Structure formats: C-alpha cells, structure tokens
There are 2 protein chains.
Amino acid sequence: MKMSVPSFVTLVALLAATPGLGPESSGLAKADAPTDASTPAFLPDGRLTYPRQYREWIFLSSGLDMSYTNAPAMAGSSMFDNVFVNPEAYHEFLRTGTWPDHTLLVMESRGGSTKGSINKRGQFQTDDFMGVEVHVKDTRRFTGGWAFFAFGGTEPVQQLPAAAPCYSCHRDHGAVDTTFVQFYPTLLPIARQKGTLAPGYKP
Amino acid sequence: MKMSVPSFVTLVALLAATPGLGPESSGLAKADAPTDASTPAFLPDGRLTYPRQYREWIFLSSGLDMSYTNAPAMAGSSMFDNVFVNPEAYHEFLRTGTWPDHTLLVMESRGGSTKGSINKRGQFQTDDFMGVEVHVKDTRRFTGGWAFFAFGGTEPVQQLPAAAPCYSCHRDHGAVDTTFVQFYPTLLPIARQKGTLAPGYKP
C-alpha cells in the first residue's frame, strides 16, 4: 500500500480532532466510555471495537468441531473454539450466577491439527486463526439485552441483525440469560447453586 | 469423619505455632514466600501447594486426546487438556520469548462429550475434572531449572522424580526452555521473533 508521510500524518490529526473518533472522545455517552480494556467500547455509529485483550481475560472452555445442526462435518478439517469473558463479568457471575451489564463473551475460532512436533493422535490448536464472535450484554442499548458481533479482522463491526439465527437459538437454548453456560463446566454448577438456570433449560 | 471441637481447635493452635506451617511461616526462605496467589508456594518439605487460582490465569491452549506415543486411544472416552500460566510469567514471555523464574504452567485434564444440550457432533468439555499437572521453573531449587508435580486433589504434593519420562521428553522436544510452546499458538511466533527456540527443536 502506498501512503505518503504527510497524508498519513494529516489523517491522524484529522481523526484526533473529530468528535467521537479521538481516544478521549466525547462522542461516547459517559456510561459507555471504556473505563479499561475489558469494557465494551462502542463507536457513535454503534459499531463495537475489537476486544484486543481477550486472550488475557478469563477462559471459560473450548470445544472441537461442535455443531448444533445435523450438517456433516467438513472432511479433513477441524476447528477449535475458545471462549473468554471479561474478568469483571466473570467475578460477578461467581457471586450471582448470572451476567451483569457490559458482559463480553468472546468466542475465538482456530484450526486444529494432529500432525506437528511429536504429537501422534488427537488434536492441538494451530496458528490458523479464523476470527472472533462476541456476545455483548447492554440492556440500555439492545432489545433483549444482548447482541452478537462477528469480527473477520480487527476493524469495528456493526451488530448482527436481530433476525440472525444465533439470537433465537441462544434465547431458546441458553442455560443462563441466553448464554450457553451448559458448555462452561466451571460456571454451570454455580448457576445451579444460585438458581439462575433459565426456566425452559433442558440439560 | 468424627472430630471433636476441642481437638480441632488444639490442632489449629498447634499448626499456627509450628515453624514452617503457619501462614506467615519463617520456614519458607524469603525469596520463596508467596507474594500473591500466582507465585509458586512450596512447603518447607519441598511440596508444592495446589495453585487454586489457575482458572483465572492466562489460557495458553487446549488439546483433545493428544498423545506422544503410539498407544491406541481409549475407545469411547475423550479427554481435553487446558494449559494456563501465571500472568507474571506470561507477560515476561511476551517481552522476552522465554520463561522467568517462578513460572507455573498448569495443565488441567477434563472429560469431553458429544452428547449434551443441543450439541450434535464434535466435543465439548464436561465437569469430569481429572486432575492437574504443574511444571514449575525455579532455577535455585531444581536441577535443570524445572520440576513437574501431579495433583490428584488439592493437597500439596512432592515433585515427580527426575527419572520420570516427562523430564526427558520435555528436555528433548520442548520448543522453548523444555516447554511445549509448539502447542501454544499465540506464543510460538513470539519465540520465533525473539530467537528463543531451542537449538534442537524440530517443528
């Protein structure tokens, strides 16, 4: 990509001077301003910024080639998913058995492989990073309290439309507050103990 | 278990008064005293205490049914492993490409299942917790710098004998400083960049 130094500098200066785009933007409502790297940060146009620090958040679980449909698996190709949550929300879940506002659940998809180094069977995770999906709770912002965002890269993205199947599936099958706590083995016992399982949840 | 109240109180008092067993024990050398929950804590007899907070540390990767031998897989049974590291060591690795003293790598083993909730194929992690193995770096304490510990429960345990196969396998095949960084996809590129791969490492 060709970019002359003056135009780049100009661009940075413009961005910094544009309300809602500078780092200390007044374009974010006060309550939505990120207080640290693990709070959801929305741009004025509603896009969610990429949660850069999620690999340093709390790991909830991983799965391999999980599917909720009867579609056959892709032959010869495996995918792990790793789920992380921001520490503030995790600690609140430990205390209450459910998610507070500004919960960020991040699902990272990544290739799996059998062949590598001394491994002989099974699967390990590779550097074939396939993207990140985020489930955010913000009861003032979203109908139903939650929204999904799918990141291909690190650019901010708009929420997935409310008609996307992830919304209805999570609403119908999520063990706690439309989230798949049934697949987070350290959290499910807490939800049971605190009595926060969804009324229609079937194990 | 039957235990009368007076004998329990006496026991607590005795423990508190015994050098090396009270919480502010002088039986631990000053440099070995735990400064927080994510520093290795050894008892005066050399046993390592259980790293209770590891699920809140940094997740490195998970694998499913990995094996370094040609032994056949157990039919109808799957096991995930999740690897975590204490945050201090993780941040030092990001900076230098290798592990500092007092690194704690924790590998948790946990059952995998296909059937549960709405899942149709693949594997998710269950509450069938199978134990924890820990790899600790302490160059003043251990020949070769590192030692392995295998916890069945949460009681402190002695290090595995230096003749155990984990030591020679990690020494011969570990990508960085006897550790399997080849299976930690976010760390391997850092080791490459910093030039810290073991001379004999084969990808």
# chains A, B, ... in the order shown; residues from 1 in each chain; ligands from 1
$ interface_residues --of "chain A" --to "chain B" --cutoff "9 Å" --atoms "only C-alpha atoms" --output "short mmCIF file (atom, residue, chain, number, x, y, z; two decimals) with N, CA and C atoms, in the first residue's frame"
data_model
loop_
_atom_site.label_atom_id
_atom_site.label_comp_id
_atom_site.auth_asym_id
_atom_site.auth_seq_id
_atom_site.Cartn_x
_atom_site.Cartn_y
_atom_site.Cartn_z
N ARG A 55 -7.41 -12.43 24.97
CA ARG A 55 -6.60 -13.61 25.33
C ARG A 55 -6.05 -13.48 26.75
N GLU A 56 -6.17 -12.31 27.35
CA GLU A 56 -5.74 -12.14 28.75
C GLU A 56 -6.93 -12.13 29.71
N TRP A 57 -8.13 -12.39 29.17
CA TRP A 57 -9.31 -12.47 30.03
C TRP A 57 -9.46 -13.88 30.60
N ILE A 58 -10.64 -14.16 31.16
CA ILE A 58 -10.88 -15.47 31.80
C ILE A 58 -11.36 -16.47 30.75
N PHE A 59 -10.66 -17.60 30.68
CA PHE A 59 -11.05 -18.69 29.77
C PHE A 59 -12.21 -19.46 30.38
N LEU A 60 -13.25 -19.71 29.57
CA LEU A 60 -14.39 -20.48 30.09
C LEU A 60 -14.37 -21.93 29.62
N SER A 61 -14.12 -22.16 28.34
CA SER A 61 -13.99 -23.54 27.88
C SER A 61 -13.60 -23.54 26.41
N SER A 62 -13.29 -24.72 25.90
CA SER A 62 -13.09 -24.87 24.47
C SER A 62 -13.83 -26.10 23.99
N GLY A 63 -14.09 -26.12 22.70
CA GLY A 63 -14.75 -27.27 22.08
C GLY A 63 -14.07 -27.56 20.76
N LEU A 64 -14.31 -28.76 20.25
CA LEU A 64 -13.74 -29.13 18.95
C LEU A 64 -14.86 -29.58 18.02
N ASP A 65 -15.00 -28.88 16.88
CA ASP A 65 -15.96 -29.27 15.84
C ASP A 65 -17.38 -29.41 16.36
N MET A 66 -17.74 -28.60 17.34
CA MET A 66 -19.11 -28.65 17.86
C MET A 66 -20.09 -28.16 16.79
N SER A 67 -21.28 -28.76 16.76
CA SER A 67 -22.30 -28.29 15.84
C SER A 67 -23.68 -28.51 16.43
N TYR A 68 -24.56 -27.53 16.19
CA TYR A 68 -25.94 -27.64 16.68
C TYR A 68 -26.88 -28.08 15.57
N THR A 69 -26.33 -28.40 14.40
CA THR A 69 -27.17 -28.86 13.28
C THR A 69 -26.71 -30.25 12.87
N ASN A 70 -27.49 -30.87 11.99
CA ASN A 70 -27.13 -32.20 11.52
C ASN A 70 -26.24 -32.16 10.28
N PRO A 72 -23.16 -32.41 7.97
CA PRO A 72 -21.99 -33.25 8.18
C PRO A 72 -20.75 -32.40 8.45
N ALA A 73 -19.78 -32.99 9.13
CA ALA A 73 -18.52 -32.29 9.40
C ALA A 73 -17.74 -32.13 8.10
N PHE A 80 -11.22 -25.66 16.53
CA PHE A 80 -11.46 -25.45 17.95
C PHE A 80 -12.18 -24.12 18.16
N ASN A 82 -12.51 -21.34 21.42
CA ASN A 82 -12.12 -20.97 22.79
C ASN A 82 -13.01 -19.82 23.23
N PRO A 87 -12.97 -10.13 32.87
CA PRO A 87 -12.84 -10.51 34.28
C PRO A 87 -13.94 -9.94 35.18
N GLY A 112 -7.49 -26.88 14.08
CA GLY A 112 -6.95 -28.00 14.85
C GLY A 112 -6.12 -28.87 13.92
N THR A 114 -3.53 -32.68 13.86
CA THR A 114 -2.96 -33.84 14.55
C THR A 114 -1.45 -33.88 14.38
N GLY A 116 2.17 -32.53 14.12
CA GLY A 116 3.02 -31.42 14.48
C GLY A 116 3.92 -31.86 15.61
N SER A 117 5.20 -31.52 15.53
CA SER A 117 6.15 -31.87 16.56
C SER A 117 6.02 -33.36 16.88
N ILE A 118 5.94 -33.75 18.14
CA ILE A 118 5.93 -35.17 18.50
C ILE A 118 4.52 -35.72 18.67
N ASN A 119 3.49 -34.95 18.32
CA ASN A 119 2.13 -35.44 18.55
C ASN A 119 1.78 -36.59 17.58
N LYS A 120 1.08 -37.60 18.10
CA LYS A 120 0.77 -38.80 17.29
C LYS A 120 -0.72 -38.93 17.00
N ARG A 121 -1.56 -38.47 17.90
CA ARG A 121 -3.01 -38.56 17.67
C ARG A 121 -3.72 -37.45 18.42
N GLY A 122 -5.04 -37.37 18.28
CA GLY A 122 -5.78 -36.28 18.90
C GLY A 122 -5.56 -35.00 18.11
N GLN A 123 -5.89 -33.88 18.72
CA GLN A 123 -5.84 -32.59 18.04
C GLN A 123 -5.25 -31.53 18.96
N PHE A 124 -4.42 -30.65 18.39
CA PHE A 124 -3.96 -29.47 19.12
C PHE A 124 -4.33 -28.23 18.32
N GLN A 125 -4.29 -27.07 18.94
CA GLN A 125 -4.68 -25.83 18.28
C GLN A 125 -3.51 -25.24 17.50
N THR A 126 -3.81 -24.68 16.34
CA THR A 126 -2.77 -24.13 15.48
C THR A 126 -2.88 -22.61 15.39
N ASP A 127 -1.95 -22.01 14.64
CA ASP A 127 -1.99 -20.54 14.46
C ASP A 127 -2.95 -20.16 13.33
N ASP A 128 -3.76 -21.10 12.85
CA ASP A 128 -4.75 -20.79 11.82
C ASP A 128 -5.96 -20.12 12.49
N HIS A 173 -32.23 -21.88 23.88
CA HIS A 173 -31.46 -22.98 24.46
C HIS A 173 -30.40 -22.58 25.48
N GLN A 182 -24.24 -24.04 29.73
CA GLN A 182 -24.20 -25.51 29.76
C GLN A 182 -22.88 -26.06 29.23
N PHE A 183 -22.13 -25.24 28.46
CA PHE A 183 -20.85 -25.71 27.92
C PHE A 183 -19.66 -25.10 28.68
N TYR A 184 -19.90 -24.43 29.80
CA TYR A 184 -18.83 -23.84 30.61
C TYR A 184 -18.79 -24.58 31.95
N PRO A 185 -17.98 -25.64 32.03
CA PRO A 185 -18.13 -26.58 33.15
C PRO A 185 -17.84 -25.99 34.53
N THR A 186 -17.08 -24.90 34.61
CA THR A 186 -16.85 -24.34 35.95
C THR A 186 -17.97 -23.39 36.36
N LEU A 188 -21.46 -23.79 35.25
CA LEU A 188 -22.78 -24.43 35.35
C LEU A 188 -23.16 -24.78 36.80
N PRO A 189 -22.23 -25.34 37.59
CA PRO A 189 -22.59 -25.65 38.99
C PRO A 189 -22.97 -24.40 39.78
N TYR A 201 -34.68 -24.40 30.36
CA TYR A 201 -33.41 -25.06 30.02
C TYR A 201 -33.49 -26.57 30.19
N LYS A 202 -33.07 -27.29 29.12
CA LYS A 202 -33.00 -28.76 29.18
C LYS A 202 -31.54 -29.19 29.07
N PRO A 203 -31.02 -29.91 30.09
CA PRO A 203 -29.61 -30.29 30.07
C PRO A 203 -29.28 -31.22 28.87
#
$ select_by_dssp --residues "region 5-190 of chain B" --states "helix (DSSP H, G or I)" --output "ChimeraX atom specification"
/B:5-17,30-32,54-56,87-96,165-173,181-183,188-190
$ write_last_selection --atoms "N, CA and C atoms" --output "CSV table (one decimal), in the first residue's frame"
chain,number,residue,atom,x,y,z
B,5,VAL,N,-14.7,-30.8,68.8
B,5,VAL,CA,-14.4,-29.4,68.6
B,5,VAL,C,-13.1,-29.0,69.4
B,6,PRO,N,-12.9,-29.5,70.6
B,6,PRO,CA,-11.6,-29.1,71.3
B,6,PRO,C,-10.4,-29.6,70.5
B,7,SER,N,-10.4,-30.8,70.0
B,7,SER,CA,-9.2,-31.3,69.3
B,7,SER,C,-8.9,-30.6,68.1
B,8,PHE,N,-10.0,-30.1,67.4
B,8,PHE,CA,-9.8,-29.3,66.2
B,8,PHE,C,-9.1,-28.0,66.5
B,9,VAL,N,-9.7,-27.4,67.5
B,9,VAL,CA,-9.1,-26.1,68.0
B,9,VAL,C,-7.6,-26.3,68.4
B,10,THR,N,-7.4,-27.3,69.1
B,10,THR,CA,-6.0,-27.6,69.5
B,10,THR,C,-5.1,-27.8,68.3
B,11,LEU,N,-5.6,-28.5,67.3
B,11,LEU,CA,-4.8,-28.7,66.1
B,11,LEU,C,-4.5,-27.4,65.4
B,12,VAL,N,-5.5,-26.5,65.3
B,12,VAL,CA,-5.2,-25.3,64.6
B,12,VAL,C,-4.2,-24.5,65.4
B,13,ALA,N,-4.3,-24.5,66.7
B,13,ALA,CA,-3.3,-23.7,67.5
B,13,ALA,C,-1.9,-24.3,67.4
B,14,LEU,N,-1.8,-25.6,67.3
B,14,LEU,CA,-0.6,-26.3,67.2
B,14,LEU,C,0.1,-25.9,65.8
B,15,LEU,N,-0.8,-26.0,64.8
B,15,LEU,CA,-0.3,-25.7,63.4
B,15,LEU,C,0.3,-24.2,63.4
B,16,ALA,N,-0.5,-23.3,63.9
B,16,ALA,CA,-0.1,-21.9,63.9
B,16,ALA,C,1.2,-21.7,64.6
B,17,ALA,N,1.4,-22.5,65.7
B,17,ALA,CA,2.6,-22.3,66.5
B,17,ALA,C,3.9,-23.1,65.9
B,30,LYS,N,12.9,-16.4,52.3
B,30,LYS,CA,12.2,-15.1,52.0
B,30,LYS,C,11.9,-15.1,50.5
B,31,ALA,N,12.8,-15.5,49.6
B,31,ALA,CA,12.6,-15.4,48.2
B,31,ALA,C,11.5,-16.3,47.7
B,32,ASP,N,11.2,-17.4,48.5
B,32,ASP,CA,10.2,-18.3,48.1
B,32,ASP,C,8.8,-18.0,48.7
B,54,TYR,N,-5.7,-21.0,39.3
B,54,TYR,CA,-5.2,-21.1,37.9
B,54,TYR,C,-6.3,-20.9,36.9
B,55,ARG,N,-7.5,-21.1,37.2
B,55,ARG,CA,-8.6,-20.9,36.1
B,55,ARG,C,-8.7,-19.4,35.9
B,56,GLU,N,-8.1,-18.5,36.7
B,56,GLU,CA,-8.1,-17.1,36.5
B,56,GLU,C,-6.8,-16.6,35.9
B,87,PRO,N,0.1,-15.0,35.3
B,87,PRO,CA,0.1,-13.8,34.5
B,87,PRO,C,1.5,-13.2,34.4
B,88,GLU,N,2.3,-13.2,35.6
B,88,GLU,CA,3.6,-12.5,35.6
B,88,GLU,C,4.5,-13.2,34.6
B,89,ALA,N,4.5,-14.6,34.5
B,89,ALA,CA,5.3,-15.3,33.6
B,89,ALA,C,4.9,-15.0,32.1
B,90,TYR,N,3.6,-15.0,31.9
B,90,TYR,CA,3.1,-14.7,30.6
B,90,TYR,C,3.6,-13.4,30.0
B,91,HIS,N,3.5,-12.4,30.8
B,91,HIS,CA,3.9,-11.0,30.4
B,91,HIS,C,5.4,-11.0,30.1
B,92,GLU,N,6.1,-11.7,30.9
B,92,GLU,CA,7.6,-11.8,30.7
B,92,GLU,C,7.9,-12.5,29.4
B,93,PHE,N,7.1,-13.6,29.1
B,93,PHE,CA,7.3,-14.3,27.9
B,93,PHE,C,7.0,-13.4,26.7
B,94,LEU,N,6.0,-12.6,26.8
B,94,LEU,CA,5.7,-11.7,25.7
B,94,LEU,C,6.8,-10.7,25.4
B,95,ARG,N,7.5,-10.3,26.5
B,95,ARG,CA,8.6,-9.4,26.4
B,95,ARG,C,9.9,-10.0,25.9
B,96,THR,N,10.2,-11.3,26.4
B,96,THR,CA,11.5,-11.8,26.1
B,96,THR,C,11.5,-13.1,25.3
B,165,PRO,N,9.5,-39.9,32.8
B,165,PRO,CA,9.6,-39.6,31.4
B,165,PRO,C,9.3,-38.2,31.0
B,166,CYS,N,8.4,-37.5,31.7
B,166,CYS,CA,8.1,-36.1,31.3
B,166,CYS,C,9.3,-35.2,31.3
B,167,TYR,N,10.3,-35.5,32.2
B,167,TYR,CA,11.5,-34.6,32.2
B,167,TYR,C,12.3,-34.8,30.9
B,168,SER,N,12.6,-36.1,30.5
B,168,SER,CA,13.4,-36.3,29.3
B,168,SER,C,12.7,-35.9,28.0
B,169,CYS,N,11.4,-36.1,28.0
B,169,CYS,CA,10.6,-35.8,26.8
B,169,CYS,C,10.6,-34.3,26.6
B,170,HIS,N,10.4,-33.5,27.7
B,170,HIS,CA,10.3,-32.1,27.6
B,170,HIS,C,11.7,-31.5,27.2
B,171,ARG,N,12.7,-32.1,27.8
B,171,ARG,CA,14.1,-31.7,27.5
B,171,ARG,C,14.4,-31.9,26.1
B,172,ASP,N,14.0,-33.0,25.5
B,172,ASP,CA,14.4,-33.4,24.2
B,172,ASP,C,13.5,-32.7,23.1
B,173,HIS,N,12.3,-32.4,23.5
B,173,HIS,CA,11.3,-31.9,22.4
B,173,HIS,C,10.7,-30.6,22.7
B,181,VAL,N,6.0,-25.0,23.9
B,181,VAL,CA,5.5,-23.8,23.2
B,181,VAL,C,5.0,-24.1,21.8
B,182,GLN,N,5.5,-25.2,21.2
B,182,GLN,CA,5.0,-25.5,19.9
B,182,GLN,C,3.5,-25.8,19.9
B,183,PHE,N,2.9,-26.0,21.0
B,183,PHE,CA,1.4,-26.2,21.1
B,183,PHE,C,0.7,-25.0,21.6
B,188,LEU,N,4.2,-19.2,20.1
B,188,LEU,CA,5.3,-19.7,19.2
B,188,LEU,C,5.8,-18.6,18.3
B,189,PRO,N,5.0,-17.7,17.7
B,189,PRO,CA,5.5,-16.7,16.9
B,189,PRO,C,6.4,-15.7,17.7
B,190,ILE,N,6.1,-15.5,18.9
B,190,ILE,CA,7.0,-14.6,19.8
B,190,ILE,C,8.4,-15.3,20.0
$ residues_around --residues "region 131-138 of chain A" --least-positions-apart "4" --cutoff "6 Å" --atoms "only C-alpha atoms" --output "PyMOL selection string"
chain A and resi 101-109+145-152
$ select_by_dssp --residues "region 103-168 of chain B" --states "strand (DSSP E)" --output "PyMOL selection string"
chain B and resi 104-113+121-137+146-151
$ atom_distance --atom1 "CA of Asp177 (chain A)" --atom2 "CA of Lys194 (chain A)"
13.3 Å
